[in-house]
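Structure first, commentary second.
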Amino acid sequence: MSGRPEDGNGTPGRLAEALTRAAVAALAVTEGRVSGVYLPCPTPGELRLAVLAGLPGSLFRPWWRLHIDRRFPVADVYRLGVQVVLPNTTQAMRRYPQFAAGLPLPIGAIFVPVADAEETLGVLTVLRPSAADATEVLPERERLTRAAESLAADLRRLEADGTPLTWDDDPVCVRPPASAPDTPHAGRFRWHPATGTVTADHGLRALLGTSGAGVPGTAQTLAEAVTPHDPHRLLSALRATSHGDPPGQHLQVRAPSGAPRLVALWAEAPARPDVPAGRPVTGVVLETPGSVAEATVDRLPHGVFCLDRLGTVVYANPRAAQLFDRPRAELVGAPLWEGVPWLAQPACEDHLRTALLSPDPVEFHVRRPGPQWRAGLPEPYAYEGDWLTLSVQPGPDLLVCTVAPARHRDGDQPAPGPERTGTARPGAAPERTSVTGTGVAAPGDTTTGTHAPAPTYTDTRPGAPTPATPSAGVTSMNPAYRPIVLAIALSEAVTARQVSAVVMQELLPAFGGRRLAIYLLHDRHLYLAWETGFPEGFLSPFEGVGLDAHLPGVETLTTGQPLFFDTMEQLAAAYPGIPLDASRGARAFLPLIASGRPVGSCILGFDQPRGFSTEERTVLTALAGLIAHAMEKAQRYETEAALARGLQRALLPRRLPTHPLVETAGRYLPGTEGMDVGGDWYDVVEAGDGLALVIGDVQGHGVQAAATMGQLRSAVRAFALDDRSPDEVLDGTNRLLVDLDPGQFATCCYVRLDPVSGLALLARAGHPPPLLRRPDGRTRVVDIPGGVVLGVDPHARYPVAELRMAPGSLLALYTDGLVERPGADIDDGIAALRVALARTGVPVVQPGGRALARVADQLTTAARHAVDRPDDIALLLAARRVGRTR
């Protein structure tokens, strides 16, 4: 069971309440306009937005679900436990281009982990106005960090009571508190005619702007404070009421500002003749500040309406209702896209999102539907609507919007009629007919020869497929951004597996899909490269199908045409006998063709029937081309990587020399990003009566790095066989690399070990320091001086340090790939490796054993099982044996 917004009784759940408090607090301690909290999802590898404050949920739908391996600030914060501060768009584009492309607005963002000493529980995020640099928002980051720590403590208490700390529902959308406290609009007073004194409550004192000491003390001062323009009228009404003759209706008076006020009066008991002063009078002063303003705005020739930060219409004048062709009562109190359904389109939502997140006014044009749509006809007709200009003025609590007919430019032509999207196959059910488009542009735009098309119309015939709506899981990101976001993400993917993972993380959520399969072409047969969401084993019969098979995944590639099926019935009718993985849903089959060369095919699956608009079909087809090019590039990379791996295997030692007093073990792991193969190497060389232990790392990856590594290894071996001192070996190798000038540099650590005495001479060139484990298990970093990297300065010098290794001691040499992690300090990685080496607990003192090999395997276990290794890894261990003498 996972956290949900409500408990079993329909009241807000304790988890939702805690998250809501944290989101509101985040806005209070920062200049943020929007805040949110992400929690893990029961689905492995996913984060879900649990609470969103300050923005309508539908406008943030593209970011409701995030994969933890996605190159996205929320994912990095959760996965690495680090804070991410993006003060402005420039920093966001540099560090997280996918995030910046999805929100191309002048905003900044702060992301902090909700974590304790044990683990990261979630992510607290704030979107704020842009800042010049990160230093401006550091105080806010500190306050947000404290809010996140408080939330972590609350979550742990909930967990102790049995509440799971996961989220598996739509986000709870929260309206943030007003930026300023509400001004009181009512107050009460009591007048005692016998004494002539007046007492007032806190509301009236606040309304009149007086302190406790300045409460109007008499009827005269009260009347002058309430209505200075006509105090005698209120005084007369007070006296008449005290004698049993109250006004027939509420008094309408004016405040000092001219704003209207209502005063209600009544006597506390019936008047008595024997009480000449009259009975005490109670009164209520009610201020109605909006009545005059609203009455004035109601008479404006332009439409005016106001939205709160959740997109709810809180006011609309009659002209706005007329232009939107909706009853005023149906507008006020409803979300804008429900009150005016034809505004629920990505481009309009982009503009509204911009107004809510940035301080700048927004203006855009939209074409409203014609009279046929307003009459409720089910079929789309020629578009006869008018252009409207919408202007939005952002504010901290409300958006003030105006709407007016746009002026048509010369040459404005009627928009084209509806377009039929697709042709039905023989025997297939007819596809839904729709007219689609953003409907947002400049009026009379003739850049393409036509107007922007109308908003989508849906076929309402019985049995027609249900169109995709936000509630069905389709995002509201403008389709124009989708190719940009996917292209940026694909630019970082260089293997077929990475390309497939990007498609799963970016394409499926963007269109609300749940199933994905990617097939690649090899020798005129299609082979599955990636699949997710399909029943286990369902795709097995299709493995290796030929290009002559009558299958949609094949024919989309051979014909080069995408195939869309709104329902599974359509798919079954077009391909009789084809196995189906579900009885309900929709499918899209996309050809992967790069520069005219077939690469494969992509299958998208949806859980519910849905139509594919012309715009969606166009975008999906364009995205398929991007995927095809990325896959083709990945195949080239993998071919070159295989060549580089072969070269490196030939250059690394097949086996290390044996020595009766020293046991050695080496491990090499290629990276999983880029070319997979880098320039890391290790070697053990017999140097006179001792052993030379060498480890190095050439900058870069690929064939060039492997070739340079081979040259350096050969040079180091030559110097070592001549039994040169460590500084001479590094000096000679450095000069060689400078002379070769391959455009690369390298790091290296060289150790000359005397097996009998245990004396080790060490020198290093820009390489991480070795680790030494003593026989009793204590482990330390060997702090030795080092020189600059090889290949930079021909006059560099490399000092030599001495180390005495007792029998049973173990020396560990390694490359940075074993200790470096994105977003973490390398010193922390070295410290973690030191602890791991101390905890291996494997004895290395037995002669002739393979204990050291087991230690090497233990130290590289995490790296071997890592999904992604950004760099290759080399590890060399050497231990002095005990119990043997020469």
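In the structure tokens, chains take the letters A, B, ... in the order shown, each chain's residues start at 1, and ligands count up from 1 in the order shown.
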
Checklist entry - Do you know which residues are at most 7 Å from A:Ser35 counting only C-alpha atoms, after dropping those on the same chain fewer than 5 positions away, and could you put them as a PyMOL selection string? => result chain A and resi 23+26-27+52-54+125-127

Would you mind exporting N, CA and C atoms of the selected residues as a short mmCIF file (atom, residue, chain, number, x, y, z; two decimals), in the first residue's frame?
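Saved file selection28.cif follows:
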data_model
loop_
_atom_site.label_atom_id
_atom_site.label_comp_id
_atom_site.auth_asym_id
_atom_site.auth_seq_id
_atom_site.Cartn_x
_atom_site.Cartn_y
_atom_site.Cartn_z
N ALA A 23 5.52 21.74 1.67
CA ALA A 23 5.49 22.52 0.42
C ALA A 23 5.12 23.98 0.69
N ALA A 26 8.03 25.68 2.33
CA ALA A 26 9.09 25.98 1.37
C ALA A 26 8.85 27.32 0.68
N LEU A 27 7.59 27.62 0.37
CA LEU A 27 7.29 28.92 -0.24
C LEU A 27 7.45 30.06 0.77
N LEU A 52 2.03 19.53 -5.01
CA LEU A 52 2.42 20.68 -5.84
C LEU A 52 1.70 21.90 -5.30
N ALA A 53 2.44 22.92 -4.92
CA ALA A 53 1.86 24.16 -4.38
C ALA A 53 2.15 25.32 -5.32
N GLY A 54 1.09 26.05 -5.69
CA GLY A 54 1.27 27.26 -6.46
C GLY A 54 1.11 27.13 -7.95
N THR A 125 11.47 20.67 -3.76
CA THR A 125 11.90 21.54 -4.85
C THR A 125 11.12 22.84 -4.83
N VAL A 126 11.77 23.90 -5.27
CA VAL A 126 11.16 25.23 -5.35
C VAL A 126 11.55 25.86 -6.68
N LEU A 127 10.58 26.41 -7.38
CA LEU A 127 10.82 27.21 -8.57
C LEU A 127 10.64 28.67 -8.19
#

*Please identify which residues in stretch 145-364 of chain A DSSP calls alpha helix (DSSP H) from the backbone, and express them as a VMD selection string.*
chain A and resid 145 to 160 202 to 208 219 to 226 231 to 242 289 to 298 318 to 324 328 to 331 336 to 339 346 to 357

Q.
Using only C-alpha atoms, which protein or nucleic acid residues come within 10 Å of A:Pro657? Drop anything in the same chain fewer than 4 positions from it, and give the result as a list in words.
A.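 Counting only the stated atoms, we get Pro653, Val662, Glu663, Thr664, Asp683, Val684, Val685, Glu686 and Leu691 of chain A.
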
List the spatial neighbours of A:Glu820 as a PDB file with N, CA and C atoms, in the first residue's frame - criterion: any atom at most 6 Å away, only C-alpha atoms, same-chain residues fewer than 4 positions off excluded.
ATOM      1  N   ASP A 816      40.859   6.367 -11.197  1.00  0.00           N
ATOM      2  CA  ASP A 816      39.798   7.201 -10.625  1.00  0.00           C
ATOM      3  C   ASP A 816      38.403   6.652 -10.885  1.00  0.00           C
ATOM      4  N   ILE A 826      35.990  13.263  -4.880  1.00  0.00           N
ATOM      5  CA  ILE A 826      36.818  12.071  -5.066  1.00  0.00           C
ATOM      6  C   ILE A 826      37.432  11.619  -3.743  1.00  0.00           C
ATOM      7  N   GLY A 829      35.225   9.212  -2.211  1.00  0.00           N
ATOM      8  CA  GLY A 829      35.332   7.908  -2.857  1.00  0.00           C
ATOM      9  C   GLY A 829      36.559   7.134  -2.399  1.00  0.00           C
TER      10      GLY A 829
END

Write out as a ChimeraX atom specification each polymer residue whose atoms come within 9 Å of A:Leu771, counting only C-alpha atoms; drop sequence neighbours fewer than 6 positions from it. /A:779-783,810-814,830,833-834,837

Could you write out that same residue set with N, CA, C and O atoms as a PDB file, in the first residue's frame?
ATOM      1  N   THR A 779      43.984   0.279   7.722  1.00  0.00           N
ATOM      2  CA  THR A 779      44.205   0.716   6.332  1.00  0.00           C
ATOM      3  C   THR A 779      44.357   2.223   6.296  1.00  0.00           C
ATOM      4  O   THR A 779      43.628   2.943   6.988  1.00  0.00           O
ATOM      5  N   ARG A 780      45.278   2.692   5.471  1.00  0.00           N
ATOM      6  CA  ARG A 780      45.492   4.136   5.360  1.00  0.00           C
ATOM      7  C   ARG A 780      45.814   4.504   3.919  1.00  0.00           C
ATOM      8  O   ARG A 780      46.186   3.654   3.093  1.00  0.00           O
ATOM      9  N   VAL A 781      45.633   5.804   3.631  1.00  0.00           N
ATOM     10  CA  VAL A 781      46.034   6.358   2.333  1.00  0.00           C
ATOM     11  C   VAL A 781      47.520   6.665   2.408  1.00  0.00           C
ATOM     12  O   VAL A 781      47.994   7.298   3.360  1.00  0.00           O
ATOM     13  N   VAL A 782      48.282   6.209   1.425  1.00  0.00           N
ATOM     14  CA  VAL A 782      49.720   6.473   1.376  1.00  0.00           C
ATOM     15  C   VAL A 782      49.917   7.869   0.811  1.00  0.00           C
ATOM     16  O   VAL A 782      49.746   8.106  -0.394  1.00  0.00           O
ATOM     17  N   ASP A 783      50.241   8.784   1.681  1.00  0.00           N
ATOM     18  CA  ASP A 783      50.382  10.191   1.291  1.00  0.00           C
ATOM     19  C   ASP A 783      51.778  10.425   0.731  1.00  0.00           C
ATOM     20  O   ASP A 783      52.742  10.602   1.466  1.00  0.00           O
ATOM     21  N   LEU A 810      49.194  -5.309   2.342  1.00  0.00           N
ATOM     22  CA  LEU A 810      48.595  -5.291   1.006  1.00  0.00           C
ATOM     23  C   LEU A 810      48.619  -3.863   0.485  1.00  0.00           C
ATOM     24  O   LEU A 810      48.214  -2.925   1.180  1.00  0.00           O
ATOM     25  N   LEU A 811      49.086  -3.687  -0.746  1.00  0.00           N
ATOM     26  CA  LEU A 811      49.132  -2.383  -1.403  1.00  0.00           C
ATOM     27  C   LEU A 811      48.119  -2.379  -2.538  1.00  0.00           C
ATOM     28  O   LEU A 811      48.094  -3.310  -3.357  1.00  0.00           O
ATOM     29  N   ALA A 812      47.274  -1.344  -2.591  1.00  0.00           N
ATOM     30  CA  ALA A 812      46.232  -1.239  -3.614  1.00  0.00           C
ATOM     31  C   ALA A 812      46.488  -0.026  -4.493  1.00  0.00           C
ATOM     32  O   ALA A 812      46.578   1.102  -3.994  1.00  0.00           O
ATOM     33  N   LEU A 813      46.614  -0.254  -5.804  1.00  0.00           N
ATOM     34  CA  LEU A 813      46.698   0.803  -6.811  1.00  0.00           C
ATOM     35  C   LEU A 813      45.414   0.758  -7.629  1.00  0.00           C
ATOM     36  O   LEU A 813      44.928  -0.321  -7.974  1.00  0.00           O
ATOM     37  N   TYR A 814      44.883   1.908  -8.006  1.00  0.00           N
ATOM     38  CA  TYR A 814      43.575   1.955  -8.657  1.00  0.00           C
ATOM     39  C   TYR A 814      43.499   3.210  -9.525  1.00  0.00           C
ATOM     40  O   TYR A 814      44.277   4.156  -9.357  1.00  0.00           O
ATOM     41  N   ILE A 830      37.676   7.828  -2.232  1.00  0.00           N
ATOM     42  CA  ILE A 830      38.899   7.168  -1.754  1.00  0.00           C
ATOM     43  C   ILE A 830      38.695   6.669  -0.325  1.00  0.00           C
ATOM     44  O   ILE A 830      39.119   5.560   0.035  1.00  0.00           O
ATOM     45  N   LEU A 833      36.690   3.525  -0.440  1.00  0.00           N
ATOM     46  CA  LEU A 833      37.501   2.378  -0.868  1.00  0.00           C
ATOM     47  C   LEU A 833      38.417   1.919   0.264  1.00  0.00           C
ATOM     48  O   LEU A 833      38.623   0.709   0.448  1.00  0.00           O
ATOM     49  N   ARG A 834      38.956   2.865   1.018  1.00  0.00           N
ATOM     50  CA  ARG A 834      39.805   2.488   2.152  1.00  0.00           C
ATOM     51  C   ARG A 834      39.021   1.650   3.164  1.00  0.00           C
ATOM     52  O   ARG A 834      39.513   0.631   3.664  1.00  0.00           O
ATOM     53  N   LEU A 837      38.412  -1.819   1.746  1.00  0.00           N
ATOM     54  CA  LEU A 837      39.614  -2.643   1.794  1.00  0.00           C
ATOM     55  C   LEU A 837      39.865  -3.152   3.219  1.00  0.00           C
ATOM     56  O   LEU A 837      40.253  -4.308   3.421  1.00  0.00           O
TER      57      LEU A 837
END

Residue with the minimum atom-to-atom distance to A:Gly122, picked from A:Pro44, A:Gly217, A:Gly732, A:Gly36 with only C-alpha atoms counted, is A:Gly36

Check your understanding: Hey, what's within 12 Å of stretch 792-796 of chain A if we count only C-alpha atoms and toss same-chain stuff fewer than 6 positions away? As a count of residues only, please?
Key -> 24

Which residue is closest to A:Leu121? Choose from A:Pro246, A:Gly187, A:Pro139, A:Pro40 and count only C-alpha atoms.
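Counting only C-alpha atoms, the residue closest to A:Leu121 is A:Pro40.
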
Straight-line distance linking atom CA of A:His232 with atom CA of A:Trp266, stated in Å to one decimal =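 Taking atom CA of A:His232 and atom CA of A:Trp266, their separation equals 17.8 Å.
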
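Remark: for A:Ile107, the closest of the candidate residues A:Arg233, A:His250, A:Arg881, A:Arg353 is A:Arg353 (distances computed over only C-alpha atoms).
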
As a check of understanding: the span from atom CA of A:Cys749 to atom CA of A:Asp776 is 25.4 Å

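Between atom CA of A:Val226 and atom CA of A:Leu208 the separation is 7.1 Å.
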
inquiry  = Using only C-alpha atoms, which protein or nucleic acid residues come within 9 Å of A:Leu399? Drop anything in the same chain fewer than 2 positions from it, and give the result as a PyMOL selection string.
reply    = chain A and resi 305-309+311+355-356+392-397+401

Once you have the residues from the selection above, write them out as a compact mmCIF listing (two decimals), in the first residue's frame, restricted to C-alpha atoms.
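Final output, saved to part_13.txt:
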# COMPACT_ATOMS: atom_id res chain seq x y z
CA PHE A 305 -11.13 37.81 -15.49
CA CYS A 306 -8.89 36.76 -12.62
CA LEU A 307 -7.28 33.40 -11.84
CA ASP A 308 -5.80 32.19 -8.60
CA ARG A 309 -2.55 30.20 -8.57
CA GLY A 311 -6.00 28.30 -12.35
CA ALA A 355 2.63 33.72 -16.27
CA LEU A 356 2.54 31.65 -13.09
CA VAL A 392 -2.04 38.02 -18.50
CA GLN A 393 -0.55 40.22 -15.76
CA PRO A 394 1.17 38.02 -13.14
CA GLY A 395 0.83 38.71 -9.44
CA PRO A 396 1.86 36.97 -6.25
CA ASP A 397 -1.66 35.68 -5.55
CA CYS A 401 -6.29 38.64 -17.45

Shortest contact to A:Trp681, candidates A:Ile873, A:Ala153, A:Ala832, A:Val114, atoms counted only C-alpha atoms, goes to A:Ile873

- Task: Any chance you could list, as a VMD selection string, the residues in stretch 25-222 of chain A that come up strand (DSSP E or B) when DSSP is run on the backbone?
- Result: chain A and resid 34 to 40 46 to 53 65 to 67 84 to 86 107 to 115 120 to 129 167 172 to 174 186 to 192 197 to 200 218

For A:Thr30, the closest of A:Ala692, A:Leu138, A:Ala572, A:Ala824 counting only C-alpha atoms is A:Leu138

**Prompt:** A:Leu563, A:Arg667, A:Thr163, A:Glu330: which is nearest A:Thr621, counting only C-alpha atoms?
**Reply:**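 When distances to A:Thr621 are compared using only C-alpha atoms, the smallest one comes from A:Leu563.
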